[in-house]
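**Student:** Input file: final_39.cif. Contents: mmCIF, C-alpha atoms.
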```cif
data_data
loop_
_atom_site.group_PDB
_atom_site.id
_atom_site.type_symbol
_atom_site.label_atom_id
_atom_site.label_comp_id
_atom_site.auth_asym_id
_atom_site.auth_seq_id
_atom_site.Cartn_x
_atom_site.Cartn_y
_atom_site.Cartn_z
ATOM 1 C CA ASP A 1 28.175 -39.546 -8.306
ATOM 2 C CA ASP A 2 29.163 -35.914 -8.948
ATOM 3 C CA ARG A 3 32.479 -36.676 -10.623
ATOM 4 C CA GLY A 4 31.201 -36.683 -14.214
ATOM 5 C CA ARG A 5 29.473 -33.327 -13.875
ATOM 6 C CA ALA A 6 32.460 -31.749 -12.097
ATOM 7 C CA GLU A 7 34.915 -33.052 -14.684
ATOM 8 C CA ASP A 8 32.684 -31.904 -17.530
ATOM 9 C CA LEU A 9 32.479 -28.365 -16.116
ATOM 10 C CA TRP A 10 36.245 -28.293 -15.538
ATOM 11 C CA LEU A 11 37.107 -29.541 -19.024
ATOM 12 C CA ARG A 12 34.680 -27.085 -20.605
ATOM 13 C CA HIS A 13 36.345 -24.255 -18.684
ATOM 14 C CA LEU A 14 39.800 -25.416 -19.743
ATOM 15 C CA ALA A 15 38.548 -25.457 -23.339
ATOM 16 C CA GLY A 16 37.569 -21.810 -22.945
ATOM 17 C CA GLU A 17 33.778 -22.356 -22.889
ATOM 18 C CA SER A 18 33.306 -20.543 -19.565
ATOM 19 C CA GLU A 19 34.908 -17.551 -17.856
ATOM 20 C CA VAL A 20 35.347 -19.430 -14.564
ATOM 21 C CA TYR A 21 34.925 -22.920 -13.204
ATOM 22 C CA ARG A 22 32.387 -23.234 -10.375
ATOM 23 C CA CYS A 23 30.958 -26.476 -9.077
ATOM 24 C CA GLU A 24 29.196 -27.611 -5.908
ATOM 25 C CA CYS A 25 29.867 -31.302 -5.502
ATOM 26 C CA ARG A 26 30.353 -34.066 -2.990
ATOM 27 C CA ILE A 27 33.710 -35.562 -2.236
ATOM 28 C CA LEU A 28 34.635 -38.675 -0.351
ATOM 29 C CA ARG A 29 37.054 -37.984 2.494
ATOM 30 C CA PRO A 30 39.854 -40.439 3.386
ATOM 31 C CA ASP A 31 37.878 -41.544 6.467
ATOM 32 C CA GLY A 32 34.958 -42.575 4.234
ATOM 33 C CA SER A 33 32.688 -39.655 5.136
ATOM 34 C CA MET A 34 31.194 -37.386 2.538
ATOM 35 C CA ALA A 35 31.575 -33.606 2.364
ATOM 36 C CA TRP A 36 30.044 -30.955 0.158
ATOM 37 C CA VAL A 37 32.585 -28.610 -1.398
ATOM 38 C CA LEU A 38 32.476 -25.539 -3.587
ATOM 39 C CA ASP A 39 35.237 -25.718 -6.181
ATOM 40 C CA ARG A 40 36.161 -22.565 -8.057
ATOM 41 C CA GLY A 41 38.908 -22.087 -10.543
ATOM 42 C CA LYS A 42 40.088 -20.085 -13.491
ATOM 43 C CA ALA A 43 42.616 -20.350 -16.245
ATOM 44 C CA LEU A 44 44.750 -17.294 -15.488
ATOM 45 C CA GLU A 45 46.949 -17.528 -18.535
ATOM 46 C CA ARG A 46 46.345 -19.151 -21.891
ATOM 47 C CA ALA A 47 48.554 -19.974 -24.842
ATOM 48 C CA VAL A 48 47.918 -18.477 -28.270
ATOM 49 C CA ASP A 49 45.825 -21.522 -29.186
ATOM 50 C CA GLY A 50 43.655 -20.970 -26.059
ATOM 51 C CA SER A 51 44.973 -23.903 -24.059
ATOM 52 C CA PRO A 52 45.527 -23.127 -20.371
ATOM 53 C CA LEU A 53 49.086 -22.397 -19.224
ATOM 54 C CA ARG A 54 48.366 -21.452 -15.610
ATOM 55 C CA VAL A 55 45.287 -22.117 -13.478
ATOM 56 C CA ALA A 56 44.310 -21.313 -9.918
ATOM 57 C CA GLY A 57 41.430 -22.389 -7.765
ATOM 58 C CA THR A 58 39.979 -22.890 -4.346
ATOM 59 C CA ARG A 59 37.963 -25.551 -2.590
ATOM 60 C CA ALA A 60 35.735 -24.640 0.339
ATOM 61 C CA ASP A 61 33.857 -27.055 2.584
ATOM 62 C CA ILE A 62 30.173 -26.071 2.365
ATOM 63 C CA SER A 63 28.786 -29.088 4.204
ATOM 64 C CA VAL A 64 27.229 -26.984 6.977
ATOM 65 C CA SER A 65 25.567 -24.678 4.431
ATOM 66 C CA LYS A 66 24.183 -27.680 2.553
ATOM 67 C CA ARG A 67 22.741 -29.164 5.776
ATOM 68 C CA VAL A 68 21.086 -25.835 6.607
ATOM 69 C CA GLU A 69 19.763 -25.572 3.038
ATOM 70 C CA GLN A 70 18.278 -29.080 3.273
ATOM 71 C CA HIS A 71 16.758 -28.296 6.677
ATOM 72 C CA LEU A 72 15.101 -25.168 5.217
ATOM 73 C CA LYS A 73 13.756 -27.161 2.252
ATOM 74 C CA ASP A 74 12.357 -29.801 4.620
ATOM 75 C CA SER A 75 10.783 -27.122 6.842
ATOM 76 C CA HIS A 76 9.264 -25.416 3.814
ATOM 77 C CA GLU A 77 7.786 -28.710 2.625
ATOM 78 C CA ARG A 78 6.301 -29.443 6.071
ATOM 79 C CA LEU A 79 4.785 -25.953 6.138
ATOM 80 C CA ARG A 80 3.260 -26.461 2.672
ATOM 81 C CA GLU A 81 1.778 -29.780 3.831
ATOM 82 C CA LEU A 82 0.342 -28.143 6.946
ATOM 83 C CA MET A 83 -1.153 -25.219 5.017
ATOM 84 C CA GLY A 84 -2.658 -27.609 2.484
ATOM 85 C CA ALA A 85 -4.260 -29.732 5.200
ATOM 86 C CA LEU A 86 -5.972 -26.847 6.992
ATOM 87 C CA GLY A 87 -9.739 -26.777 6.675
ATOM 88 C CA GLU A 88 -9.853 -22.996 6.723
ATOM 89 C CA GLY A 89 -8.604 -20.390 4.298
ATOM 90 C CA VAL A 90 -5.332 -18.752 5.306
ATOM 91 C CA TYR A 91 -3.214 -16.205 3.496
ATOM 92 C CA GLY A 92 -0.318 -13.894 4.258
ATOM 93 C CA ILE A 93 0.033 -10.304 3.137
ATOM 94 C CA ASP A 94 2.816 -7.769 3.104
ATOM 95 C CA ARG A 95 2.692 -4.220 4.440
ATOM 96 C CA ASP A 96 0.764 -3.085 1.337
ATOM 97 C CA SER A 97 -1.945 -5.784 1.678
ATOM 98 C CA ARG A 98 -0.455 -7.713 -1.246
ATOM 99 C CA CYS A 99 -0.730 -11.496 -1.003
ATOM 100 C CA ILE A 100 2.604 -13.249 -0.492
ATOM 101 C CA TRP A 101 1.189 -16.747 0.075
ATOM 102 C CA ILE A 102 -2.210 -18.450 0.228
ATOM 103 C CA ASN A 103 -3.308 -21.970 1.064
ATOM 104 C CA PRO A 104 -5.307 -24.294 -1.233
ATOM 105 C CA THR A 105 -8.468 -24.078 0.903
ATOM 106 C CA ALA A 106 -8.601 -20.293 0.509
ATOM 107 C CA LEU A 107 -8.093 -20.597 -3.237
ATOM 108 C CA ALA A 108 -10.880 -23.183 -3.548
ATOM 109 C CA VAL A 109 -13.353 -21.121 -1.502
ATOM 110 C CA LEU A 110 -12.545 -17.935 -3.439
ATOM 111 C CA GLY A 111 -12.577 -19.689 -6.829
ATOM 112 C CA LEU A 112 -9.172 -18.230 -7.669
ATOM 113 C CA ALA A 113 -5.855 -19.620 -8.882
ATOM 114 C CA GLU A 114 -2.668 -18.887 -6.962
ATOM 115 C CA ASP A 115 -1.222 -16.774 -9.777
ATOM 116 C CA GLU A 116 -4.335 -14.570 -9.658
ATOM 117 C CA VAL A 117 -3.834 -13.875 -5.951
ATOM 118 C CA ARG A 118 -0.069 -13.694 -5.427
ATOM 119 C CA GLY A 119 1.057 -10.085 -5.492
ATOM 120 C CA ALA A 120 -2.535 -8.816 -5.675
ATOM 121 C CA ASP A 121 -4.118 -6.357 -3.258
ATOM 122 C CA THR A 122 -6.374 -8.748 -1.335
ATOM 123 C CA HIS A 123 -8.829 -6.057 -0.262
ATOM 124 C CA ALA A 124 -9.338 -4.952 -3.853
ATOM 125 C CA LEU A 125 -9.522 -8.554 -5.083
ATOM 126 C CA PHE A 126 -12.025 -10.202 -2.731
ATOM 127 C CA HIS A 127 -12.927 -7.916 0.189
ATOM 128 C CA HIS A 128 -14.035 -4.780 -1.633
ATOM 129 C CA THR A 129 -17.822 -4.932 -1.261
ATOM 130 C CA ARG A 130 -20.223 -5.091 1.682
ATOM 131 C CA PRO A 131 -23.073 -7.666 1.771
ATOM 132 C CA ASP A 132 -25.559 -5.002 0.617
ATOM 133 C CA GLY A 133 -23.437 -4.266 -2.474
ATOM 134 C CA ARG A 134 -21.966 -0.983 -1.258
ATOM 135 C CA SER A 135 -18.247 -0.366 -1.643
ATOM 136 C CA TYR A 136 -16.135 -1.329 1.381
ATOM 137 C CA PRO A 137 -13.541 1.433 1.932
ATOM 138 C CA ALA A 138 -10.087 0.028 2.614
ATOM 139 C CA GLU A 139 -9.593 2.280 5.644
ATOM 140 C CA GLU A 140 -12.544 0.528 7.354
ATOM 141 C CA CYS A 141 -11.293 -2.993 6.589
ATOM 142 C CA PRO A 142 -10.030 -4.855 9.700
ATOM 143 C CA VAL A 143 -7.132 -6.303 7.708
ATOM 144 C CA ILE A 144 -5.964 -2.856 6.593
ATOM 145 C CA ARG A 145 -6.509 -1.464 10.097
ATOM 146 C CA THR A 146 -4.281 -4.218 11.550
ATOM 147 C CA LEU A 147 -1.579 -3.289 9.050
ATOM 148 C CA GLY A 148 -1.835 0.277 10.330
ATOM 149 C CA ASP A 149 -1.877 -0.249 14.086
ATOM 150 C CA GLY A 150 -0.488 -3.758 14.638
ATOM 151 C CA LEU A 151 -3.490 -4.938 16.648
ATOM 152 C CA PRO A 152 -5.043 -8.372 16.056
ATOM 153 C CA ARG A 153 -8.691 -8.425 15.045
ATOM 154 C CA ALA A 154 -11.519 -10.933 14.720
ATOM 155 C CA GLY A 155 -15.086 -10.649 13.530
ATOM 156 C CA GLU A 156 -17.603 -11.405 10.851
ATOM 157 C CA GLU A 157 -16.938 -10.108 7.345
ATOM 158 C CA TRP A 158 -17.942 -10.641 3.715
ATOM 159 C CA PHE A 159 -15.725 -11.926 0.898
ATOM 160 C CA ILE A 160 -16.392 -11.964 -2.839
ATOM 161 C CA ARG A 161 -15.603 -14.992 -5.011
ATOM 162 C CA LYS A 162 -14.144 -14.722 -8.486
ATOM 163 C CA ASP A 163 -17.599 -15.335 -9.972
ATOM 164 C CA GLY A 164 -18.925 -12.266 -8.101
ATOM 165 C CA SER A 165 -20.923 -14.127 -5.478
ATOM 166 C CA GLY A 166 -20.440 -13.076 -1.878
ATOM 167 C CA PHE A 167 -20.337 -15.159 1.283
ATOM 168 C CA PRO A 168 -20.074 -14.503 5.029
ATOM 169 C CA ILE A 169 -16.908 -15.416 6.884
ATOM 170 C CA ALA A 170 -15.486 -15.423 10.373
ATOM 171 C CA LEU A 171 -12.219 -13.489 9.994
ATOM 172 C CA THR A 172 -9.111 -13.437 12.184
ATOM 173 C CA VAL A 173 -6.247 -11.046 11.418
ATOM 174 C CA SER A 174 -2.895 -11.456 13.173
ATOM 175 C CA PRO A 175 -0.115 -8.916 12.598
ATOM 176 C CA VAL A 176 3.362 -10.049 11.615
ATOM 177 C CA MET A 177 5.879 -7.923 13.500
ATOM 178 C CA ARG A 178 9.513 -7.428 12.445
ATOM 179 C CA ASP A 179 12.061 -5.011 13.835
ATOM 180 C CA GLY A 180 9.437 -3.374 16.032
ATOM 181 C CA GLY A 181 6.995 -2.634 13.218
ATOM 182 C CA VAL A 182 4.182 -4.252 11.260
ATOM 183 C CA ALA A 183 5.619 -6.174 8.305
ATOM 184 C CA GLY A 184 2.333 -7.747 7.213
ATOM 185 C CA ALA A 185 -0.404 -9.997 8.528
ATOM 186 C CA VAL A 186 -1.766 -13.526 8.482
ATOM 187 C CA VAL A 187 -5.470 -13.723 7.741
ATOM 188 C CA SER A 188 -7.618 -16.785 8.379
ATOM 189 C CA PHE A 189 -11.261 -17.252 7.463
#
```
Mind turning the file's structure into structure tokens?
**Tutor:**
Amino acid sequence: DDRGRAEDLWLRHLAGESEVYRCECRILRPDGSMAWVLDRGKALERAVDGSPLRVAGTRADISVSKRVEQHLKDSHERLRELMGALGEGVYGIDRDSRCIWINPTALAVLGLAEDEVRGADTHALFHHTRPDGRSYPAEECPVIRTLGDGLPRAGEEWFIRKDGSGFPIALTVSPVMRDGGVAGAVVSF
């Protein structure tokens, strides 16, 4: 099934349309099994008219890498399904309180689109005001405090929707630890 694409790339390289030939494709082994390979090649010397005089290349078996890649894709898809099925809002933040992922329930409750939240400072976006309308200093926020000391927290808080309306939440903050330090947090509400 990959032969046409591989041949097309190779012929285009031989015609001088690319600097190098590179193609990930499947091959059928003599025993009937399939393997993924990475083919690379280059015309090392060309005639005056541009036609190749000398070429060199390599072929590497990348079957294991392809299986790992597929496993990661499958795991990612299962995680997306799980996050989408949760009945509570969940989001992940980096060390600077910037959103790196958020589930559909959180987006629906907050009235936000994913592109409005990803990369945004979550405290500034929807946790910036107390129920009485006063400003909520970041240093007092349990999410920010967890980023600072690595301790999990839970309690009642107040979030602000995109339309400006506020609502009470039960909040749980769990630190994400990497290499002995706080790398971010997972927040559920």
**Student:** Can you list, as a PyMOL selection string, every protein, DNA or RNA residue that comes within 12 Å of stretch 128-139 of chain A when you count only C-alpha atoms, leaving out same-chain residues fewer than 4 positions away?
**Tutor:** chain A and resi 96-97+121-124+143-149+156-161+164-169
**Student:** Name the residues captured by the PyMOL selection byres ((chain A and resi 15-31) around 7) when it is applied to the shown file; answer as a short mmCIF file (atom, residue, chain, number, x, y, z; two decimals) with C-alpha atoms, in the coordinates of the input.
**Tutor:**
```cif
data_model
loop_
_atom_site.label_atom_id
_atom_site.label_comp_id
_atom_site.auth_asym_id
_atom_site.auth_seq_id
_atom_site.Cartn_x
_atom_site.Cartn_y
_atom_site.Cartn_z
CA ASP A 2 29.16 -35.91 -8.95
CA ALA A 6 32.46 -31.75 -12.10
CA LEU A 9 32.48 -28.36 -16.12
CA TRP A 10 36.24 -28.29 -15.54
CA LEU A 11 37.11 -29.54 -19.02
CA ARG A 12 34.68 -27.08 -20.60
CA HIS A 13 36.34 -24.26 -18.68
CA LEU A 14 39.80 -25.42 -19.74
CA GLY A 32 34.96 -42.58 4.23
CA SER A 33 32.69 -39.66 5.14
CA MET A 34 31.19 -37.39 2.54
CA ALA A 35 31.58 -33.61 2.36
CA TRP A 36 30.04 -30.96 0.16
CA VAL A 37 32.58 -28.61 -1.40
CA LEU A 38 32.48 -25.54 -3.59
CA ASP A 39 35.24 -25.72 -6.18
CA ARG A 40 36.16 -22.56 -8.06
CA GLY A 41 38.91 -22.09 -10.54
CA LYS A 42 40.09 -20.08 -13.49
CA GLY A 50 43.66 -20.97 -26.06
CA SER A 51 44.97 -23.90 -24.06
#
```
**Student:** Could you check how far atom CA of A:Gly180 sits from atom CA of A:Val90, in Å to one decimal?
**Tutor:**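 One can read the atom CA of A:Gly180 to atom CA of A:Val90 distance as 23.9 Å.
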**Student:** The PyMOL selection byres ((chain A and resi 177) around 12) - which residues does that actually catch in the file I just gave you? List them as a list in words.
**Tutor:** Asp94, Arg95, Thr146, Leu147, Gly148, Asp149, Gly150, Leu151, Pro152, Ser174, Pro175, Val176, Arg178, Asp179, Gly180, Gly181, Val182, Ala183, Gly184, Ala185 and Val186 of chain A
**Student:** Carefully work through the PyMOL selection byres ((chain A and resi 99-105) around 8) for this structure and note down the residues it includes, as a short mmCIF file (atom, residue, chain, number, x, y, z; two decimals) with C-alpha atoms, in the coordinates of the input.
**Tutor:**
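Wrote it out as expr.cif, contents follow:
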```cif
data_model
loop_
_atom_site.label_atom_id
_atom_site.label_comp_id
_atom_site.auth_asym_id
_atom_site.auth_seq_id
_atom_site.Cartn_x
_atom_site.Cartn_y
_atom_site.Cartn_z
CA MET A 83 -1.15 -25.22 5.02
CA GLY A 84 -2.66 -27.61 2.48
CA LEU A 86 -5.97 -26.85 6.99
CA GLY A 87 -9.74 -26.78 6.68
CA GLU A 88 -9.85 -23.00 6.72
CA GLY A 89 -8.60 -20.39 4.30
CA VAL A 90 -5.33 -18.75 5.31
CA TYR A 91 -3.21 -16.20 3.50
CA GLY A 92 -0.32 -13.89 4.26
CA ILE A 93 0.03 -10.30 3.14
CA ASP A 94 2.82 -7.77 3.10
CA SER A 97 -1.94 -5.78 1.68
CA ARG A 98 -0.46 -7.71 -1.25
CA ALA A 106 -8.60 -20.29 0.51
CA LEU A 107 -8.09 -20.60 -3.24
CA ALA A 108 -10.88 -23.18 -3.55
CA VAL A 109 -13.35 -21.12 -1.50
CA GLU A 114 -2.67 -18.89 -6.96
CA VAL A 117 -3.83 -13.88 -5.95
CA ARG A 118 -0.07 -13.69 -5.43
CA GLY A 119 1.06 -10.09 -5.49
CA ALA A 120 -2.54 -8.82 -5.68
CA ASP A 121 -4.12 -6.36 -3.26
CA THR A 122 -6.37 -8.75 -1.34
#
```
**Student:** Please compute the atom CA of A:Ala154-atom CA of A:Val173 distance, one decimal, in Å.
**Tutor:**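 Pair atom CA of A:Ala154 / atom CA of A:Val173 returns 6.2 Å.
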**Student:** So how far away is atom CA of A:Leu112 from atom CA of A:Asp163, in Å?
**Tutor:**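 That distance, rounded to one decimal, is 9.2 Å.
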**Student:** Which of these, A:Ala43, A:Arg3, A:Gln70, A:Phe126, has the shortest distance to A:Val55 once you count all atoms listed in the file?
**Tutor:** A:Ala43
